[in-house]
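Please read the structure below before turning to the comments.
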2 protein chains.
Amino acid sequence: MAEPAALEWSTDNCTIERTLEVIGDRWSLLVLREVFAGIRRFDQLTVRTTIPRQMLTDRLEQLVADGLLRREPYQEPGKRRRHEYRLTDKGIDLYPVLLALQQWGGTYLADPEGSPVEFVHRDCGEPVDLVLRCRAGHDVTDNRRVVGRMGPAARRRTTT
Amino acid sequence: MAEPAALEWSTDNCTIERTLEVIGDRWSLLVLREVFAGIRRFDQLTVRTTIPRQMLTDRLEQLVADGLLRREPYQEPGKRRRHEYRLTDKGIDLYPVLLALQQWGGTYLADPEGSPVEFVHRDCGEPVDLVLRCRAGHDVTDNRRVVGRMGPAARRRTTT
């Protein structure tokens, strides 16, 4: 059997791999889930996750450094000034990743009653689905009809 | 300031968290990337990843146990019978997750020339985009117009 064609191509500039370097860690995504849910303060971020505090500190710092979260100061009466965490546009743009995880989990791992959370369109209240659509305007409902091919930045792999 | 409403709700049956238990690991997703790219055999799976062999063994076993991959026997002339790995339907249904990671990476982390890979519709060859669409038929182009709310399986959090 011939070798798979993909083996000839480099993954050095793979954008999936680069994305996983930023969020390919269960804790980072769980912290983001919480911030997407409107939970923004350090102590609150420990309530629904079992993340160790030092890990949370590290992950928040990294998510800020990567530009997914930004720090916003707040101060409660009689207390010292603190920071809460807000999603940047770059962070908000992870919504499709979150939805893709949730949609797959809803299909394969949900309790019989369904999912605990659903995502809806603010403007009309209807549930939001993630749809694959090609630029000829077709909805691609069968995932086996999708295929990868070399893009503009494809590079041959150099064997070293 | 009032506490965020989300804190009242349990994440015990969160389908995002359950999904991350299955694929929330950089190596699992990189192995899946390779299988999606048509790379199916153990030795080939080590070519474009730096995954240690024992880790690959473990990850493949777990991905089979979780029903994302299945083993298919093959035999080359004069060699012993081996197995290759194929995506099950459950595995193929992770395409939106892969596309979501790739789309975000393409926006924020790609080289100036673009992405090394693009995903296209087999039937017409046109690139496939991931679109958020609500059930009233609106394309949701601004991710800030999406919001989570309690779904059918939402449970109150019990503080222990």
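In the structure tokens, chains take letters A, B, ... by order of appearance, with residues numbered from 1 within each chain and ligands from 1 in the order shown.
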### Task
Would you kindly return, as a PyMOL selection string, each protein, DNA or RNA residue with an atom no farther than 7 Å from any atom of segment 1-12 of chain B, considering only C-alpha atoms and excluding same-chain residues fewer than 6 positions away?
(chain A and resi 37-39+48) or (chain B and resi 155-157)
Output C-alpha atoms of each residue in that selection to a file, as a PDB file, in the first residue's frame.
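Now in selection_27.pdb:
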```
ATOM      1  CA  ALA A  37     -20.845  31.649  31.728  1.00  0.00           C
ATOM      2  CA  GLY A  38     -20.260  35.100  33.270  1.00  0.00           C
ATOM      3  CA  ILE A  39     -18.015  33.957  36.111  1.00  0.00           C
ATOM      4  CA  ARG A  48     -17.586  24.915  39.933  1.00  0.00           C
TER       5      ARG A  48
ATOM      6  CA  ARG B 155     -29.489  21.005  38.006  1.00  0.00           C
ATOM      7  CA  ARG B 156     -29.067  23.339  40.942  1.00  0.00           C
ATOM      8  CA  ARG B 157     -25.698  23.173  42.576  1.00  0.00           C
TER       9      ARG B 157
END
```
### Task
Would you mind writing down, as a PyMOL selection string, each residue of segment 61-98 of chain A that DSSP on the backbone assigns to strand (DSSP E)?
chain A and resi 69-74+82-87
Write out, as a CSV table (one decimal), in the first residue's frame, the residues just selected, with N, CA, C and O atoms.
```csv
chain,number,residue,atom,x,y,z
A,69,LEU,N,-8.1,36.6,27.5
A,69,LEU,CA,-8.8,37.3,28.6
A,69,LEU,C,-8.1,38.6,28.8
A,69,LEU,O,-6.9,38.8,28.5
A,70,ARG,N,-8.8,39.6,29.4
A,70,ARG,CA,-8.2,40.8,29.8
A,70,ARG,C,-8.6,41.0,31.3
A,70,ARG,O,-9.7,40.6,31.7
A,71,ARG,N,-7.7,41.7,32.0
A,71,ARG,CA,-8.0,42.0,33.4
A,71,ARG,C,-8.8,43.4,33.5
A,71,ARG,O,-8.4,44.3,32.8
A,72,GLU,N,-9.8,43.4,34.3
A,72,GLU,CA,-10.6,44.6,34.5
A,72,GLU,C,-10.6,44.9,36.0
A,72,GLU,O,-11.0,44.0,36.8
A,73,PRO,N,-10.2,46.1,36.5
A,73,PRO,CA,-10.2,46.3,37.9
A,73,PRO,C,-11.6,46.5,38.5
A,73,PRO,O,-12.5,46.9,37.8
A,74,TYR,N,-11.8,46.0,39.7
A,74,TYR,CA,-13.0,46.3,40.4
A,74,TYR,C,-12.7,46.5,41.9
A,74,TYR,O,-11.6,46.1,42.4
A,82,ARG,N,-9.2,44.8,43.2
A,82,ARG,CA,-8.9,43.5,42.6
A,82,ARG,C,-9.2,43.5,41.1
A,82,ARG,O,-9.6,44.5,40.6
A,83,HIS,N,-8.9,42.4,40.5
A,83,HIS,CA,-9.2,42.3,39.0
A,83,HIS,C,-10.2,41.2,38.7
A,83,HIS,O,-10.2,40.2,39.4
A,84,GLU,N,-11.0,41.4,37.7
A,84,GLU,CA,-11.8,40.3,37.2
A,84,GLU,C,-11.4,40.1,35.8
A,84,GLU,O,-10.6,40.9,35.2
A,85,TYR,N,-11.8,39.0,35.2
A,85,TYR,CA,-11.4,38.6,33.9
A,85,TYR,C,-12.5,38.6,32.9
A,85,TYR,O,-13.6,38.1,33.2
A,86,ARG,N,-12.2,39.3,31.8
A,86,ARG,CA,-13.2,39.4,30.7
A,86,ARG,C,-12.7,38.8,29.4
A,86,ARG,O,-11.5,38.9,29.2
A,87,LEU,N,-13.6,38.3,28.6
A,87,LEU,CA,-13.2,37.8,27.3
A,87,LEU,C,-12.9,38.9,26.4
A,87,LEU,O,-13.6,39.9,26.3
```
### Task
If you run DSSP over the backbone, which residues in chain A end up alpha helix (DSSP H)? Put them as a ChimeraX atom specification.
/A:15-23,26-36,53-65,89-92,95-108
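Nearest to Leu20 of chain B of all the residues A:His121, A:Arg33, A:Lys90, A:Arg145 is A:Arg33, based on only C-alpha atoms.
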### Query
If you count only C-alpha atoms, which residues fall within 9 Å of Leu99 of chain A, apart from same-chain ones fewer than 2 positions away, as a PyMOL selection string?
(chain A and resi 94-97+101-104+119+128-130) or (chain B and resi 16+97+100+132)
